[in-house]
Structures are given as C-alpha cells and as structure tokens.
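Peer 1: Below are the structure tokens for one structure; questions will follow.
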Amino acid sequence: MPVRTTVTVPLRFPDGYATSAEVTTFDGLADGREHLALKVGTPGPTPLVRLHSECLTGDVFGSERCDCGPQLREAVERIAGVGGYLLYLRQEGRGIGLYAKLDAYALQDQGLDTYAANRALGHADDERDYTSAAQMLSSLGVSEIDLLTNNPDKPAQLRRLGIGVRRVLPTGVYATAANVRYLEAKASLTRHTLTLPMAG
Ligand SMILES: Nc1nc2c(ncn2[C@@H]2O[C@H](COP(=O)(O)OP(=O)(O)OP(=O)(O)O)[C@@H](O)[C@H]2O)c(=O)[nH]1
Ligand SMILES: [Zn+2]
C-alpha cells in the first residue's frame, strides 16, 4: 500500500507529557478508512507497536466507561521509550461505529454486558479486521513486531496476515468504578489478559 503523506506532529498530553510523532497516512488500504500510523522515537528492526482502535468518548472526552484513554497515553509513552509505531485505527466501537456503540452503552445500562449489547443490536461481538493494519506495517517496512495488547485476537490476526509477532506485552489495567464490569467481560468472555480487583 503506498504511503500518502508523512508529517511531524509535536504531541502534548493534558498532564504535560510531551513528545513528537511522525504521522503517516496511506492510500488504498483494504477497508478504505483513514487510519494513521504514528512513529514515535527511533524504531529498531523489531519495533514496539500498538494497534489502538478509535474510541471518541475515551480518547477525546476522557470517558471512564472504558480504558482507552489511559491505554493510548501509556502506549505513546512506552513506544517513545524504545521506538515504534502506534497505529490509530478508525474502528470505533470495535468496528460497529460511534452511534451503535452509544446504543450499546444504553443497553449496558439496562444490564447487558458489552458483547450481549452488540448482539442485541445485530452486530458481532467484535467486528474488527486488522488487514489494513498489516498493510500499514508492510508499507512502513515492518515485518516483525513486539505488540502491546491484552487482546489475544490482535496477535492471532496479525500472524495470519503475515506479520511476525515476537512478543506480546500487556498494557496496564485502568479499572474504575465505571468500567469494572466492562473489563470483567473482556477478561472472562474474550480472554483479555487482565488482572482485576474483585468486584464488590
Ligand atoms: N461495541 C462496543 N465497543 C466498545 C465498548 N467499549 C469500548 N468499545 C470500543 O472498543 C475498542 C477498544 O477495544 P478494547 O477491547 O478496549 O481493547 P482491545 O483493542 O480489544 O484490546 P487491548 O489491545 O488489550 O486494549 C474501541 O474501538 C472502543 O470504542 C462497548 O461497550 N461496546
Ligand atoms: Zn473506549
């Protein structure tokens, strides 16, 4: 997939943490979405990579219904330390879109778990496909990575797509009163590697 543009962007998080990223865009990715690659630090031959799925409410507004905002921050900092890439994937709501995710939140407020809520809306538990992510890595000349995730589906899909995953490194766990049921569902139903405090 051809690289379209690369620009340098200084980054500063609300708590003052600052770094710089090279942001790359692509033409012709498999799903036609406007995904971005952020190169942070100086990547070696097996860079640290995070596939971050878009979450407007968590990434931008700081919603504590999920753990996406703190995971994004952590990923940029850790990648800056060793050199690598954060792929910001436009897969809002595990691929179902923002409006449907908010519909799913409303169902969760009535007692459904995060996956049952998706199914009640006619969606699969997780509709994300990482073909475009693999294409982006290949375009960047990356064939083997260390992957920052608790989600076993990400390394499994990437390996099937021909990307070598040398090590899978867990992210931090950011439990709050508002997201603990969500994190429990991820740990028990989709085998995310999360160690949670026992829910009261
Ligand atoms: N459909 C749906 N999507 C959600 C919900 N909460 C968060 N998301 C989306 O889930 C995606 C993030 O997925 P996570 O499961 O947190 O993380 P992951 O990518 O699977 O795994 P990690 O790499 O370990 O973080 C983002 O696209 C969010 O918008 C929810 O209740 N319902
Ligand atoms: Zn989120």
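The way I read the labels, and the way they are meant: chains A, B, ... in the order of the structure tokens, residue 1 as the first residue of every chain, and ligand 1 as the first ligand shown, with later ones counted on from there.
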Would you list the contacts of Tyr88 of chain A as a list in words, taking every protein, DNA or RNA residue within 9 Å and counting only C-alpha atoms, but skipping same-chain residues closer than 5 positions in sequence?

Peer 2: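 Once the nearby chain positions are removed, what remains is His35, Leu36, Ala37, Leu38, Arg50, Leu51, His52, Ser53 and Glu54 of chain A.
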
Peer 1: Within 8 Å of ligand 1, which residues of chain A come that close, and what is the closest atom pair and distance in Å for each? Count only C-alpha atoms and all ligand atoms and give it as a tab-separated table.

Peer 2:
```
residue	atom	partner	partner_atom_place_in_ligand_line	distance
A:Arg50	CA	ligand 1	23 (O)	7.3
A:Leu51	CA	ligand 1	23 (O)	6.7
A:His52	CA	ligand 1	19 (O)	6.0
A:Ser53	CA	ligand 1	27 (O)	4.3
A:Glu54	CA	ligand 1	27 (O)	4.6
A:Cys55	CA	ligand 1	29 (O)	3.6
A:Leu56	CA	ligand 1	29 (O)	6.7
A:Thr57	CA	ligand 1	29 (O)	7.4
A:Gly58	CA	ligand 1	29 (O)	7.5
A:Arg65	CA	ligand 1	6 (N)	7.0
A:Cys66	CA	ligand 1	6 (N)	5.5
A:Asp67	CA	ligand 1	16 (O)	6.1
A:Cys68	CA	ligand 1	16 (O)	5.7
A:Gln71	CA	ligand 1	25 (O)	6.8
A:Arg90	CA	ligand 1	27 (O)	7.7
A:Gln91	CA	ligand 1	27 (O)	5.2
A:Glu92	CA	ligand 1	27 (O)	3.9
A:Gly93	CA	ligand 1	3 (N)	3.3
A:Arg94	CA	ligand 1	27 (O)	4.2
A:Gly95	CA	ligand 1	27 (O)	6.4
A:Ile96	CA	ligand 1	1 (N)	6.2
A:Gly97	CA	ligand 1	1 (N)	7.8
A:Leu98	CA	ligand 1	29 (O)	7.3
A:Ala100	CA	ligand 1	1 (N)	7.1
A:Lys101	CA	ligand 1	1 (N)	4.6
A:Leu102	CA	ligand 1	32 (N)	7.6
A:Ala104	CA	ligand 1	32 (N)	5.7
A:Tyr105	CA	ligand 1	31 (O)	5.6
A:Gln108	CA	ligand 1	31 (O)	7.3
A:Asp113	CA	ligand 1	31 (O)	7.7
A:Thr114	CA	ligand 1	31 (O)	4.5
A:Tyr115	CA	ligand 1	32 (N)	7.0
A:Ala117	CA	ligand 1	32 (N)	7.3
A:Asn118	CA	ligand 1	1 (N)	5.7
A:Asp125	CA	ligand 1	1 (N)	7.4
A:Asp126	CA	ligand 1	1 (N)	7.3
A:Leu148	CA	ligand 1	23 (O)	6.7
A:Thr149	CA	ligand 1	23 (O)	3.7
A:Asn150	CA	ligand 1	24 (O)	3.4
A:Asn151	CA	ligand 1	24 (O)	4.3
A:Pro152	CA	ligand 1	24 (O)	8.0
A:Asp153	CA	ligand 1	20 (O)	7.8
A:Lys154	CA	ligand 1	23 (O)	7.2
A:Pro170	CA	ligand 1	24 (O)	7.2
A:Thr171	CA	ligand 1	24 (O)	6.6
A:Tyr182	CA	ligand 1	31 (O)	6.8
A:Lys186	CA	ligand 1	15 (O)	6.7
A:His192	CA	ligand 1	24 (O)	6.4
A:Thr193	CA	ligand 1	24 (O)	7.5
```

Peer 1: Determine the nearest neighbour of Leu137 of chain A from the options A:Pro14, A:Pro155, A:Pro70, A:Pro47, counting only C-alpha atoms.

Peer 2: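 Looking only at the distances to Leu137 of chain A, the closest residue turns out to be A:Pro47.
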
Peer 1: Restricting the calculation to only C-alpha atoms and all ligand atoms: of A:Glu22, A:Leu48, A:Tyr174, A:Gly28, which residue gets closest to ligand 2?

Peer 2: A:Tyr174

Peer 1: Suppose you want the space between atom CA of Leu29 of chain A and atom CA of Pro2 of chain A; what is it in Å?

Peer 2: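 Interatomic distance here is 8.7 Å.
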
Peer 1: Neighbours of segment 157-164 of chain A within 9 Å (only C-alpha atoms; same-chain residues fewer than 2 positions away dropped), as a list in words?

Peer 2: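 Surrounding residues, per the criterion: Asp129, Tyr130, Thr131, Ala133, Ala134, Gln135, Leu137, Ser138, Val142, Ser143, Glu144, Ile145, Asp146, Pro152, Asp153, Lys154, Pro155 and Arg166 of chain A.
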
Peer 1: Smallest atom-to-atom distance to Ser20 of chain A: which of A:Pro45, A:Ala80, A:Glu34, A:Thr6, using only C-alpha atoms?

Peer 2: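 Closest to Ser20 of chain A of all the choices is A:Ala80.
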
Peer 1: Output as a ChimeraX atom specification all residues of segment 31-170 of chain A that backbone DSSP marks as alpha helix (DSSP H).

Peer 2: /A:68-82,98-109,114-120,131-139,153-160

Peer 1: Which residue, A:Leu86, A:Met136, A:Val165, A:Ala178, has the smallest gap to Arg33 of chain A when you use only C-alpha atoms?

Peer 2: A:Met136

Peer 1: To one decimal place, how far is atom CA of Tyr17 of chain A from atom 1 (Zn, counted along the ligand's line) of ligand 2 in Å?

Peer 2: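 Computing it gives 20.8 Å between the two atoms.
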
Peer 1: Closest to Val168 of chain A among A:Leu189, A:Val49, A:Arg128, A:Arg12, using only C-alpha atoms?

Peer 2: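 Selected residue with least distance to Val168 of chain A: A:Val49.
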
Peer 1: Enter the distance from atom CA of Arg167 of chain A to atom CA of Ser132 of chain A, in Å, rounded to one decimal.

Peer 2: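 About the pair atom CA of Arg167 of chain A and atom CA of Ser132 of chain A: they are 20.8 Å apart.
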
Peer 1: Could you give me the residues within segment 33-110 of chain A that DSSP places in strand (DSSP E), as a list in words?

Peer 2: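 Those residues are Leu36, Ala37, Leu38, Lys39, Val40, Leu48, Val49, Arg50, Leu51, His52, Ser53, Gly84, Tyr85, Leu86, Leu87, Tyr88 and Leu89 of chain A.
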
Peer 1: Nearest residue to Pro10 of chain A out of A:Leu87, A:Val40, A:Ala30, A:Leu169, using only C-alpha atoms?

Peer 2: A:Val40
